[in-house]
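Reading through the structure tokens given below for one structure.
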Amino acid sequence: MPAAGATGATGVADGVTAAPARVDLEFQPSGTRVRVPPGVTVFDAASWNGIAIDSTCGGHGTCKKCKIRILGGGADVSPLDARAFSPDELRDGWRLACRAQAATDLRIEVPPLVTRPKAATVGVGRQVILRPAAQKRYLELAEPSLSDQRTDIERVLDGVDDLELRVDLGVVRSVGQVLRAADFKVTAVIVDDVLIDVQPGDTTARLYAVAFDLGTTTVVATLLDLATGTPLAVASMLNKQQPFGADVITRISAIMMEPGTLTTLAGLAGETLAELTADVCGQAGVDAADVCEVALAGNATMTHIALGIDPEPLGVAPFIMATREYPEVLAAADLGLPVHPRARAFLFPAFGAYVGGDITAGLLASGMDRDSRTRLFVDIGTNCEIVLGNRDWLLATAAPAGPAFEGAAIRCGMRAADGAIEVVSMSPDELELGVIGDAEPAGLCGSGLVDAVASLVGVGLLDRSGRFVPEDQAAGIAPGLAGRLTMLGAERVFVLHWLGEPGDVARSIYLSQRDVRELQFAKAAIATGWNILLAEAGLGPGDIQQVLLAGSFGSYLSPGNAIKLGLVPRLPVLRVVSAGNVAGEGAKMALLSVRERAGALALQEEVRYVELSDRSDFNDAFVDQLQFPE
Ligand code: FES
């Protein structure tokens with residue numbers, strides 16, 4: 001079984017007893033048992049594992065509702081416990097779950113819920129109990145006097161004395177005026193452990209964040225109400241860097257060739273994110289200055305460029321990133337965002353140059369690191385990211401699939417936009433097309449390409465090697481379709497939709513023999529990727545209990561046809577599911593819950609990256625995968 005950093009080890013070195021790698025917690029009355037790293041609070045351990053404990057503050061230590069009783073083992077009494085319980089209750093084991101740290105194995109009684117915890121369903125059916133890094137506290141403070149000469153900042157910090165906060169300079173500059181103008185009735189705005197603002201009056205109802213999925217092609221923004229976990233508005237647009245190339249390699253090349261291009265591309269990323277921010281805030285009627293935090297999931301190149309970091313070493317072997325993790329104290333202003341001037345930004349770390357933060361976010365949303373089932377995560381694009389594993393181990397790799405799925409390198413290819421054929425189904429007698437926007441077909445997008453090839457293999461007009469059958473056989477195999485199999489110059493093509501004069505192949509939408517080859521290369525690269533991961537894990541395709549097709553392309557791909565082509569292992573079709581835009585979902589989760597964010601960072605230790613490009617077995621495996629399955 002592959003090594004997984006998360007499993008850790010318990011041991012003794014040089015006479016020093018190491019801390020246990022995990023402690024066991026048993027929750028009563030449900031009897032649920034969980035294993036967590038020592039030091040995790042009982043509240044976090046419970047919510048990570050879907051056990052609800054009463055709370056209205058989400059674990060911030062202000063509501064005192066998270067009462068539990070330690071039945072076995074022990075937990076230290078925190079200063080807040082002393083305020084929440086009588087000495088007798090403390091002796092009986094009562095503690096606040098959000099303050100009680102699990103240092104040893106514990107048995108815990110959870111009283112019935114009085115209030116419903118605020119939770120949101122995000123990701124692949126994940127329940128996230130709200131505990132954003134951003135929070136607001138309304139404070140009615142005592143006015144200074146000669147007998148109370150605390151500074152303005154001390155006065156505010158004393159109002160939130162359950163937190164140890166650092167203070168942003170901007171707050172120090174404005175706090176005096178704000179306190180006096182508001183009669184010392186103010187709202188403290190906190191992100192993580194930083195006081196980013198003191199606002200006049202009670203602004204606690206206005207706390208927002210924006211989650212970004214920064215794709216090479218498309219960028220998506222979701223505005224979240226952090227008080228309720230509700231998405232208020234979503235907007236997407238093409239990445240403004242598009243004119244500099246369709247994929248990361250061409251953008252890196254543009255930066256290498258022309259001085260100043262990095263600054264231009266970083267500016268375009270900022271403009272794209274800023275326009276989307278204005279769009280979602282406008283849709284929801286939210287003042288962008290009330291957005292206190294943003295999270296961004298993007299591949300390594302997109303994230304590097306957005307921060308103005310030179311991505312050149314990512315584009316050539318040995319493919320080195322400037323950094324895997326981004327500084328903890330990033331400001332949204334570093335991305336050029338027109339939100340609260342001291343809003344913070346969280347950027348997902350990358351596993352490798354070609355398994356980036358978008359995949360970290362996707363894994364978070366899919367919960368692969370917490371699921372006992374062995375699952376395969378496949379994000380299909382020009383670069384295909386693949387992760388295999390379960391809660392005990394995870395392996396990741398990147399397969400160079402090429403641009404076929406984006407519609408590039410395909411003669412009649414186009415992006416998934418209005419007019420793109422996205423669904424193709426065939427019987428020997430007829431052909432049906434599904435077109436985006438119900439428009440006249442203008443080209444073939446990635447999912448249409450997969451459908452078309454899978455259907456042609458299905459009816460027998462393409463053989464397993466990917467060659468169109470001879471014309472004299474076609475009429476016998478598929479009488480209603482044979483007329484579509486024709487020649488364009490010296491190349492054999494299959495016409496999907498006739499346009500122009502009857503028989504005008506050149507103006508029609510067709511699939512050429514070379515297009516089929518492009519798809520075969522892409523499919524072989526992906527299948528080689530997951531086959532190598534399976535071999536590393538000592539498993540076979542039958543051991544995979546679920547395949548998650550991720551990313552915008554994966555969401556549109558027909559699972560049945562993905563199996564038929566061998567893009568994913570041959571499994572019962574119900575085990576292959578479209579997971580949707582998991583990168584964006586992961587970004588939302590990181591904003592809604594600091595625990596989930598910690599989980600995303602922990603993935604760095606839990607995922608082992610397997611580099612394909614230097615493997616001696618890659619070429620043989622690739623050639624084996626070129627054929628379509630039986
Ligand atoms: S969850 Fe509110 S005080 Fe513990």
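In the structure tokens, chains take letters A, B, ... by order of appearance, with residues numbered from 1 within each chain and ligands from 1 in the order shown.
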Residues of chain A at most 8 Å from ligand 1: nearest atom pair and distance in Å, only C-alpha atoms and all ligand atoms, as JSON lines:
```
{"residue": "A:Phe43", "atom": "CA", "partner": "ligand 1", "partner_atom_place_in_ligand_line": "1 (S)", "distance": 7.2}
{"residue": "A:Ile53", "atom": "CA", "partner": "ligand 1", "partner_atom_place_in_ligand_line": "1 (S)", "distance": 7.9}
{"residue": "A:Asp54", "atom": "CA", "partner": "ligand 1", "partner_atom_place_in_ligand_line": "1 (S)", "distance": 7.0}
{"residue": "A:Ser55", "atom": "CA", "partner": "ligand 1", "partner_atom_place_in_ligand_line": "1 (S)", "distance": 4.4}
{"residue": "A:Thr56", "atom": "CA", "partner": "ligand 1", "partner_atom_place_in_ligand_line": "2 (Fe)", "distance": 5.8}
{"residue": "A:Cys57", "atom": "CA", "partner": "ligand 1", "partner_atom_place_in_ligand_line": "2 (Fe)", "distance": 4.4}
{"residue": "A:Gly58", "atom": "CA", "partner": "ligand 1", "partner_atom_place_in_ligand_line": "1 (S)", "distance": 5.1}
{"residue": "A:Gly59", "atom": "CA", "partner": "ligand 1", "partner_atom_place_in_ligand_line": "1 (S)", "distance": 3.5}
{"residue": "A:His60", "atom": "CA", "partner": "ligand 1", "partner_atom_place_in_ligand_line": "2 (Fe)", "distance": 5.5}
{"residue": "A:Gly61", "atom": "CA", "partner": "ligand 1", "partner_atom_place_in_ligand_line": "3 (S)", "distance": 3.4}
{"residue": "A:Thr62", "atom": "CA", "partner": "ligand 1", "partner_atom_place_in_ligand_line": "3 (S)", "distance": 4.5}
{"residue": "A:Cys63", "atom": "CA", "partner": "ligand 1", "partner_atom_place_in_ligand_line": "2 (Fe)", "distance": 3.9}
{"residue": "A:Lys64", "atom": "CA", "partner": "ligand 1", "partner_atom_place_in_ligand_line": "3 (S)", "distance": 3.6}
{"residue": "A:Lys65", "atom": "CA", "partner": "ligand 1", "partner_atom_place_in_ligand_line": "2 (Fe)", "distance": 5.4}
{"residue": "A:Cys66", "atom": "CA", "partner": "ligand 1", "partner_atom_place_in_ligand_line": "4 (Fe)", "distance": 4.5}
{"residue": "A:Lys67", "atom": "CA", "partner": "ligand 1", "partner_atom_place_in_ligand_line": "4 (Fe)", "distance": 7.5}
{"residue": "A:Leu96", "atom": "CA", "partner": "ligand 1", "partner_atom_place_in_ligand_line": "4 (Fe)", "distance": 5.5}
{"residue": "A:Ala97", "atom": "CA", "partner": "ligand 1", "partner_atom_place_in_ligand_line": "4 (Fe)", "distance": 5.8}
{"residue": "A:Cys98", "atom": "CA", "partner": "ligand 1", "partner_atom_place_in_ligand_line": "4 (Fe)", "distance": 4.3}
{"residue": "A:Arg99", "atom": "CA", "partner": "ligand 1", "partner_atom_place_in_ligand_line": "4 (Fe)", "distance": 6.7}
```
Using all heavy atoms, can you export the residues from the last selection as a tab-separated table (two decimals), in the first residue's frame?
```
chain	number	residue	atom	x	y	z
A	43	PHE	N	-15.08	19.66	19.41
A	43	PHE	CA	-16.05	20.26	18.50
A	43	PHE	C	-15.63	20.02	17.04
A	43	PHE	O	-16.43	19.60	16.20
A	43	PHE	CB	-16.14	21.76	18.77
A	43	PHE	CG	-17.24	22.45	18.03
A	43	PHE	CD1	-18.54	22.45	18.51
A	43	PHE	CD2	-16.98	23.10	16.84
A	43	PHE	CE1	-19.55	23.10	17.83
A	43	PHE	CE2	-17.99	23.74	16.14
A	43	PHE	CZ	-19.28	23.74	16.64
A	53	ILE	N	-22.95	19.06	17.24
A	53	ILE	CA	-22.92	19.52	18.63
A	53	ILE	C	-23.54	20.90	18.63
A	53	ILE	O	-23.31	21.70	17.71
A	53	ILE	CB	-21.47	19.57	19.16
A	53	ILE	CG1	-20.93	18.13	19.29
A	53	ILE	CG2	-21.39	20.30	20.49
A	53	ILE	CD1	-19.53	18.04	19.85
A	54	ASP	N	-24.35	21.18	19.64
A	54	ASP	CA	-25.05	22.46	19.70
A	54	ASP	C	-24.08	23.63	19.58
A	54	ASP	O	-23.00	23.60	20.16
A	54	ASP	CB	-25.79	22.57	21.04
A	54	ASP	CG	-27.22	23.01	20.82
A	54	ASP	OD1	-27.46	23.65	19.78
A	54	ASP	OD2	-28.07	22.72	21.66
A	55	SER	N	-24.46	24.63	18.82
A	55	SER	CA	-23.61	25.82	18.66
A	55	SER	C	-24.35	26.86	17.86
A	55	SER	O	-25.06	26.52	16.92
A	55	SER	CB	-22.33	25.44	17.91
A	55	SER	OG	-21.71	26.60	17.38
A	56	THR	N	-24.19	28.10	18.25
A	56	THR	CA	-24.65	29.15	17.35
A	56	THR	C	-23.49	30.03	16.90
A	56	THR	O	-23.64	30.86	16.02
A	56	THR	CB	-25.74	30.05	18.00
A	56	THR	OG1	-25.25	30.49	19.26
A	56	THR	CG2	-27.04	29.32	18.18
A	57	CYS	N	-22.30	29.82	17.52
A	57	CYS	CA	-21.17	30.66	17.12
A	57	CYS	C	-20.21	29.92	16.21
A	57	CYS	O	-19.21	30.48	15.78
A	57	CYS	CB	-20.44	31.19	18.34
A	57	CYS	SG	-19.41	29.97	19.15
A	58	GLY	N	-20.51	28.65	15.93
A	58	GLY	CA	-19.67	27.89	15.00
A	58	GLY	C	-18.30	27.56	15.57
A	58	GLY	O	-17.35	27.38	14.82
A	59	GLY	N	-18.19	27.47	16.89
A	59	GLY	CA	-16.92	27.06	17.48
A	59	GLY	C	-16.00	28.21	17.84
A	59	GLY	O	-14.83	28.01	18.13
A	60	HIS	N	-16.54	29.42	17.83
A	60	HIS	CA	-15.69	30.58	18.16
A	60	HIS	C	-15.60	30.85	19.67
A	60	HIS	O	-14.94	31.78	20.09
A	60	HIS	CB	-16.22	31.83	17.45
A	60	HIS	CG	-15.85	31.87	16.00
A	60	HIS	ND1	-14.56	31.84	15.57
A	60	HIS	CD2	-16.62	31.92	14.88
A	60	HIS	CE1	-14.53	31.88	14.25
A	60	HIS	NE2	-15.77	31.92	13.81
A	61	GLY	N	-16.33	30.08	20.47
A	61	GLY	CA	-16.21	30.26	21.92
A	61	GLY	C	-17.04	31.37	22.48
A	61	GLY	O	-16.77	31.86	23.57
A	62	THR	N	-18.07	31.80	21.75
A	62	THR	CA	-18.87	32.91	22.27
A	62	THR	C	-20.28	32.50	22.69
A	62	THR	O	-20.91	33.19	23.48
A	62	THR	CB	-19.00	34.03	21.21
A	62	THR	OG1	-19.49	33.46	20.01
A	62	THR	CG2	-17.68	34.70	20.96
A	63	CYS	N	-20.81	31.37	22.17
A	63	CYS	CA	-22.22	31.07	22.46
A	63	CYS	C	-22.40	30.22	23.72
A	63	CYS	O	-23.47	30.19	24.31
A	63	CYS	CB	-22.88	30.38	21.27
A	63	CYS	SG	-22.30	28.70	20.99
A	64	LYS	N	-21.36	29.51	24.11
A	64	LYS	CA	-21.38	28.61	25.29
A	64	LYS	C	-22.49	27.57	25.20
A	64	LYS	O	-23.05	27.13	26.20
A	64	LYS	CB	-21.50	29.42	26.58
A	64	LYS	CG	-20.37	30.43	26.76
A	64	LYS	CD	-20.30	30.95	28.17
A	64	LYS	CE	-19.23	32.03	28.30
A	64	LYS	NZ	-19.56	33.28	27.63
A	65	LYS	N	-22.85	27.18	23.99
A	65	LYS	CA	-23.90	26.18	23.82
A	65	LYS	C	-23.33	24.78	23.55
A	65	LYS	O	-24.06	23.80	23.56
A	65	LYS	CB	-24.80	26.56	22.63
A	65	LYS	CG	-25.64	27.81	22.88
A	65	LYS	CD	-26.72	27.91	21.84
A	65	LYS	CE	-27.49	29.21	21.92
A	65	LYS	NZ	-27.93	29.59	23.25
A	66	CYS	N	-22.02	24.69	23.30
A	66	CYS	CA	-21.46	23.42	22.83
A	66	CYS	C	-21.10	22.52	24.01
A	66	CYS	O	-19.98	22.01	24.09
A	66	CYS	CB	-20.24	23.70	21.96
A	66	CYS	SG	-18.96	24.63	22.82
A	67	LYS	N	-22.06	22.31	24.93
A	67	LYS	CA	-21.75	21.58	26.16
A	67	LYS	C	-21.69	20.08	25.90
A	67	LYS	O	-22.60	19.51	25.28
A	67	LYS	CB	-22.82	21.89	27.22
A	67	LYS	CG	-22.80	23.35	27.61
A	67	LYS	CD	-23.88	23.71	28.59
A	67	LYS	CE	-23.76	25.19	28.95
A	67	LYS	NZ	-24.81	25.67	29.82
A	96	LEU	N	-16.88	22.80	27.42
A	96	LEU	CA	-17.30	23.35	26.13
A	96	LEU	C	-16.51	22.62	25.05
A	96	LEU	O	-15.27	22.60	25.09
A	96	LEU	CB	-17.03	24.86	26.06
A	96	LEU	CG	-17.89	25.72	26.98
A	96	LEU	CD1	-17.47	27.19	26.88
A	96	LEU	CD2	-19.38	25.57	26.67
A	97	ALA	N	-17.24	22.03	24.09
A	97	ALA	CA	-16.57	21.18	23.09
A	97	ALA	C	-15.57	21.96	22.25
A	97	ALA	O	-14.56	21.41	21.83
A	97	ALA	CB	-17.63	20.55	22.18
A	98	CYS	N	-15.85	23.25	22.03
A	98	CYS	CA	-14.93	23.99	21.15
A	98	CYS	C	-13.66	24.42	21.87
A	98	CYS	O	-12.75	24.95	21.25
A	98	CYS	CB	-15.64	25.20	20.52
A	98	CYS	SG	-16.02	26.51	21.68
A	99	ARG	N	-13.61	24.21	23.17
A	99	ARG	CA	-12.38	24.53	23.92
A	99	ARG	C	-11.67	23.25	24.37
A	99	ARG	O	-10.50	23.30	24.73
A	99	ARG	CB	-12.69	25.36	25.19
A	99	ARG	CG	-13.40	26.66	24.93
A	99	ARG	CD	-12.52	27.65	24.21
A	99	ARG	NE	-13.06	27.91	22.89
A	99	ARG	CZ	-12.63	28.83	22.06
A	99	ARG	NH1	-11.62	29.60	22.41
A	99	ARG	NH2	-13.16	28.99	20.86
```
Who sits within 12 Å of range 154-160 of chain A, only C-alpha atoms, same chain under 6 positions skipped, as JSON, numbers by chain: {"A": [60, 61, 62, 135, 136, 137, 138, 139, 140, 141, 142, 143, 144, 145, 148, 166, 167, 171, 172, 175, 176, 178, 179, 184, 185, 186, 187, 188, 189, 190, 193, 194, 195, 197, 198, 199]}
Only N, CA, C and O atoms, please: the residues just picked out, written as a compact mmCIF listing (two decimals), in the first residue's frame.
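Written file, result-v1.txt:
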```txt
# COMPACT_ATOMS: atom_id res chain seq x y z
N HIS A 60 -16.54 29.42 17.83
CA HIS A 60 -15.69 30.58 18.16
C HIS A 60 -15.60 30.85 19.67
O HIS A 60 -14.94 31.78 20.09
N GLY A 61 -16.33 30.08 20.47
CA GLY A 61 -16.21 30.26 21.92
C GLY A 61 -17.04 31.37 22.48
O GLY A 61 -16.77 31.86 23.57
N THR A 62 -18.07 31.80 21.75
CA THR A 62 -18.87 32.91 22.27
C THR A 62 -20.28 32.50 22.69
O THR A 62 -20.91 33.19 23.48
N GLN A 135 -15.15 36.71 10.72
CA GLN A 135 -16.27 36.85 11.66
C GLN A 135 -16.39 38.30 12.08
O GLN A 135 -15.44 39.09 11.97
N LYS A 136 -17.60 38.63 12.56
CA LYS A 136 -17.82 39.99 13.06
C LYS A 136 -18.36 39.89 14.48
O LYS A 136 -19.17 39.01 14.78
N ARG A 137 -17.94 40.82 15.33
CA ARG A 137 -18.45 40.87 16.71
C ARG A 137 -18.93 42.29 16.99
O ARG A 137 -18.16 43.25 16.85
N TYR A 138 -20.19 42.39 17.43
CA TYR A 138 -20.70 43.71 17.81
C TYR A 138 -20.31 43.98 19.26
O TYR A 138 -20.52 43.13 20.14
N LEU A 139 -19.75 45.16 19.53
CA LEU A 139 -19.24 45.48 20.87
C LEU A 139 -19.83 46.81 21.34
O LEU A 139 -19.86 47.78 20.59
N GLU A 140 -20.32 46.81 22.58
CA GLU A 140 -20.70 48.09 23.20
C GLU A 140 -19.68 48.34 24.29
O GLU A 140 -19.70 47.68 25.34
N LEU A 141 -18.74 49.23 24.02
CA LEU A 141 -17.57 49.39 24.89
C LEU A 141 -17.76 50.56 25.86
O LEU A 141 -18.47 51.52 25.55
N ALA A 142 -17.08 50.45 26.99
CA ALA A 142 -17.11 51.55 27.97
C ALA A 142 -16.27 52.71 27.43
O ALA A 142 -15.23 52.49 26.81
N GLU A 143 -16.77 53.93 27.65
CA GLU A 143 -15.99 55.08 27.19
C GLU A 143 -14.79 55.29 28.10
O GLU A 143 -14.85 54.99 29.30
N PRO A 144 -13.69 55.82 27.58
CA PRO A 144 -12.51 56.04 28.42
C PRO A 144 -12.78 57.09 29.50
O PRO A 144 -13.67 57.93 29.35
N SER A 145 -12.01 57.02 30.54
CA SER A 145 -12.09 58.02 31.60
C SER A 145 -10.72 58.11 32.24
O SER A 145 -9.82 57.31 31.89
N ASP A 148 -9.91 54.90 33.53
CA ASP A 148 -9.82 53.82 32.53
C ASP A 148 -9.13 54.38 31.30
O ASP A 148 -9.77 54.89 30.38
N ARG A 166 -3.97 39.87 16.19
CA ARG A 166 -3.01 40.86 15.73
C ARG A 166 -3.84 41.98 15.09
O ARG A 166 -4.99 41.76 14.70
N VAL A 167 -3.25 43.15 15.00
CA VAL A 167 -4.03 44.29 14.53
C VAL A 167 -3.39 44.88 13.28
O VAL A 167 -2.18 45.12 13.23
N VAL A 171 -6.34 49.62 10.85
CA VAL A 171 -7.31 49.70 11.94
C VAL A 171 -6.82 50.72 12.98
O VAL A 171 -7.60 51.54 13.49
N VAL A 172 -5.53 50.66 13.28
CA VAL A 172 -4.98 51.60 14.28
C VAL A 172 -5.19 53.03 13.79
O VAL A 172 -5.50 53.93 14.57
N VAL A 175 -9.24 53.69 14.17
CA VAL A 175 -10.07 53.25 15.30
C VAL A 175 -10.54 54.40 16.19
O VAL A 175 -11.70 54.42 16.64
N GLY A 176 -9.67 55.37 16.43
CA GLY A 176 -10.04 56.46 17.34
C GLY A 176 -11.26 57.21 16.86
O GLY A 176 -12.23 57.45 17.60
N VAL A 178 -13.49 56.22 14.63
CA VAL A 178 -14.68 55.36 14.53
C VAL A 178 -15.33 55.19 15.91
O VAL A 178 -16.55 55.33 16.06
N LEU A 179 -14.51 54.91 16.93
CA LEU A 179 -15.08 54.70 18.27
C LEU A 179 -15.87 55.92 18.74
O LEU A 179 -16.99 55.80 19.23
N PHE A 184 -18.82 54.48 20.84
CA PHE A 184 -18.17 53.26 21.32
C PHE A 184 -19.02 52.01 21.10
O PHE A 184 -18.84 51.00 21.75
N LYS A 185 -19.98 52.13 20.15
CA LYS A 185 -20.76 50.94 19.73
C LYS A 185 -20.26 50.58 18.33
O LYS A 185 -20.55 51.28 17.36
N VAL A 186 -19.48 49.52 18.27
CA VAL A 186 -18.77 49.22 17.02
C VAL A 186 -18.79 47.72 16.73
O VAL A 186 -19.16 46.91 17.57
N THR A 187 -18.38 47.40 15.50
CA THR A 187 -18.27 45.99 15.12
C THR A 187 -16.81 45.70 14.78
O THR A 187 -16.21 46.41 13.97
N ALA A 188 -16.27 44.68 15.43
CA ALA A 188 -14.90 44.24 15.13
C ALA A 188 -14.97 43.25 13.98
O ALA A 188 -15.77 42.31 14.01
N VAL A 189 -14.16 43.47 12.94
CA VAL A 189 -14.12 42.56 11.79
C VAL A 189 -12.81 41.79 11.86
O VAL A 189 -11.73 42.39 11.87
N ILE A 190 -12.95 40.49 11.93
CA ILE A 190 -11.78 39.64 12.19
C ILE A 190 -11.68 38.60 11.08
O ILE A 190 -12.69 38.00 10.69
N ASP A 193 -6.71 35.42 12.68
CA ASP A 193 -6.33 36.03 13.96
C ASP A 193 -5.95 37.50 13.77
O ASP A 193 -5.14 38.03 14.51
N VAL A 194 -6.54 38.13 12.77
CA VAL A 194 -6.21 39.53 12.50
C VAL A 194 -7.46 40.39 12.58
O VAL A 194 -8.49 40.05 11.98
N LEU A 195 -7.35 41.48 13.32
CA LEU A 195 -8.43 42.47 13.35
C LEU A 195 -8.22 43.35 12.13
O LEU A 195 -7.25 44.10 12.05
N ASP A 197 -10.70 45.42 10.76
CA ASP A 197 -11.47 46.66 10.74
C ASP A 197 -12.26 46.82 12.03
O ASP A 197 -12.59 45.82 12.70
N VAL A 198 -12.54 48.06 12.37
CA VAL A 198 -13.52 48.38 13.42
C VAL A 198 -14.51 49.32 12.74
O VAL A 198 -14.13 50.39 12.26
N GLN A 199 -15.78 48.85 12.68
CA GLN A 199 -16.78 49.62 11.92
C GLN A 199 -17.80 50.23 12.86
O GLN A 199 -18.14 49.63 13.89
```
Backbone DSSP call of alpha helix (DSSP H) for range 137-367 of chain A, listed as a PyMOL selection string: chain A and resi 152-159+169-181+248-257+261-284+300-306+357-366
Write out as a PyMOL selection string each polymer residue whose atoms come within 9 Å of Glu385 in chain A, counting only C-alpha atoms; drop sequence neighbours fewer than 3 positions from it. chain A and resi 354-356+359+377-381+396-400+526+529
Just the selected residues (N, CA, C and O atoms), exported as a short mmCIF file (atom, residue, chain, number, x, y, z; two decimals), in the first residue's frame, please.
```
data_model
loop_
_atom_site.label_atom_id
_atom_site.label_comp_id
_atom_site.auth_asym_id
_atom_site.auth_seq_id
_atom_site.Cartn_x
_atom_site.Cartn_y
_atom_site.Cartn_z
N TYR A 354 1.86 20.36 -12.27
CA TYR A 354 0.68 20.11 -13.09
C TYR A 354 -0.46 19.43 -12.32
O TYR A 354 -1.38 18.88 -12.92
N VAL A 355 -0.38 19.45 -11.02
CA VAL A 355 -1.54 19.07 -10.19
C VAL A 355 -1.67 20.21 -9.19
O VAL A 355 -1.03 20.22 -8.13
N GLY A 356 -2.46 21.20 -9.55
CA GLY A 356 -2.43 22.48 -8.86
C GLY A 356 -3.48 22.64 -7.78
O GLY A 356 -4.14 21.68 -7.34
N ILE A 359 -6.95 21.25 -8.06
CA ILE A 359 -7.15 19.84 -7.71
C ILE A 359 -7.19 19.67 -6.19
O ILE A 359 -7.98 18.89 -5.66
N PHE A 377 -10.32 10.07 -9.17
CA PHE A 377 -10.74 11.43 -9.50
C PHE A 377 -10.04 11.80 -10.80
O PHE A 377 -8.82 11.69 -10.89
N VAL A 378 -10.82 12.17 -11.82
CA VAL A 378 -10.21 12.50 -13.11
C VAL A 378 -10.74 13.85 -13.57
O VAL A 378 -11.94 14.02 -13.76
N ASP A 379 -9.84 14.81 -13.70
CA ASP A 379 -10.22 16.13 -14.21
C ASP A 379 -9.65 16.23 -15.62
O ASP A 379 -8.44 16.37 -15.80
N ILE A 380 -10.54 16.11 -16.60
CA ILE A 380 -10.09 16.01 -18.00
C ILE A 380 -9.97 17.39 -18.62
O ILE A 380 -10.89 18.19 -18.58
N GLY A 381 -8.81 17.64 -19.20
CA GLY A 381 -8.58 18.90 -19.91
C GLY A 381 -7.31 18.73 -20.71
O GLY A 381 -6.82 17.60 -20.87
N ALA A 396 -1.35 11.04 -6.79
CA ALA A 396 -1.80 11.98 -7.82
C ALA A 396 -0.81 12.01 -8.96
O ALA A 396 0.39 11.78 -8.77
N THR A 397 -1.33 12.27 -10.15
CA THR A 397 -0.45 12.47 -11.28
C THR A 397 -1.11 13.39 -12.29
O THR A 397 -2.29 13.72 -12.16
N ALA A 398 -0.33 13.80 -13.29
CA ALA A 398 -0.87 14.62 -14.37
C ALA A 398 -0.52 13.96 -15.69
O ALA A 398 0.62 13.53 -15.88
N ALA A 399 -1.51 13.85 -16.57
CA ALA A 399 -1.27 13.22 -17.88
C ALA A 399 -1.46 14.27 -18.96
O ALA A 399 -2.47 14.99 -18.96
N PRO A 400 -0.51 14.36 -19.88
CA PRO A 400 -0.62 15.37 -20.95
C PRO A 400 -1.60 14.93 -22.01
O PRO A 400 -1.25 14.20 -22.93
N ILE A 526 -4.48 9.58 -20.68
CA ILE A 526 -5.25 9.56 -19.42
C ILE A 526 -5.30 8.14 -18.86
O ILE A 526 -5.05 7.92 -17.67
N GLY A 529 -2.18 7.16 -17.29
CA GLY A 529 -2.04 7.81 -15.98
C GLY A 529 -2.70 6.99 -14.89
O GLY A 529 -2.07 6.64 -13.88
#
```
Between A:Leu565, A:Val329, A:Val40, A:Thr272, which residue has the minimum interatomic distance to Gln242 in chain A, considering only C-alpha atoms?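 For Gln242 in chain A, the nearest of the given residues is A:Thr272.
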In range 120-346 of chain A, what's strand (DSSP E) per DSSP? Answer as a ChimeraX atom specification? /A:120-122,126-129,134-140,166-167,185-191,194-200,208-214,218-225,230-238,291-298,344-346
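One distance worth recording is that between CA of Ile255 in chain A and CA of Val220 in chain A, which is 24.1 Å.
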CA of Ile436 in chain A sits from CA of Gly245 in chain A at a separation of 24.0 Å
Polymer residues at most 12 Å from Asp247 in chain A, only C-alpha atoms, same-chain spacing of 4 or more positions, as a PyMOL selection string: chain A and resi 215-218+239+241-243+251-254+299+301-302+315+381-383+400-406+408
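Closest to Glu275 in chain A among A:Phe494, A:Phe212, A:Tyr609, A:Phe348 is A:Phe212, based on only C-alpha atoms.
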Any idea what's packed within 12 Å of Asp438 in chain A, counting only C-alpha atoms, ignoring anything in its chain fewer than 5 positions away? Could you give it as a list in words?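 In the requested format, the answer is Ala417, Asp418, Gly419, Ala420, Ile421, Glu422, Val423 and Leu433 of chain A.
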Of the candidates A:Ala452, A:Leu223, A:Leu214, A:Ala535, which shows the shortest atom-to-atom distance to Leu335 in chain A, using only C-alpha atoms?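 Distance minimum relative to Leu335 in chain A lands on A:Leu214.
Note that CA of Val219 in chain A and CA of Leu238 in chain A are 6.1 Å apart.
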Residues near Leu533 in chain A, cut-off 7 Å, only C-alpha atoms, skip fewer than 4 positions along chain, as a PyMOL selection string: chain A and resi 388+395+529+537
Counting only C-alpha atoms, which residue out of A:Asp358, A:Asp44, A:Asp334, A:Asp463 sits closest to Ala300 in chain A?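 When distances to Ala300 in chain A are compared using only C-alpha atoms, the smallest one comes from A:Asp358.
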Excluding Pro470 in chain A and any residue of its chain fewer than 3 positions from it, enumerate the residues within 12 Å of it, using only C-alpha atoms, and give them as a list in words. Gly460, Leu461, Leu462, Asp463, Arg467, Gln473, Ala474, Ala475, Gly476, Ile477, Ala482, Leu485, Thr486, Met487, Arg492 and Val493 of chain A
Smallest atom-to-atom distance to Arg375 in chain A: which of A:Ala527, A:Leu548, A:Val286, A:Ala506, using only C-alpha atoms? A:Leu548
Nearest to Arg370 in chain A: which of A:Ala409, A:Val505, A:Ile70, A:Val36 is it, counting only C-alpha atoms?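 Smallest separation from Arg370 in chain A among the options: A:Val36.
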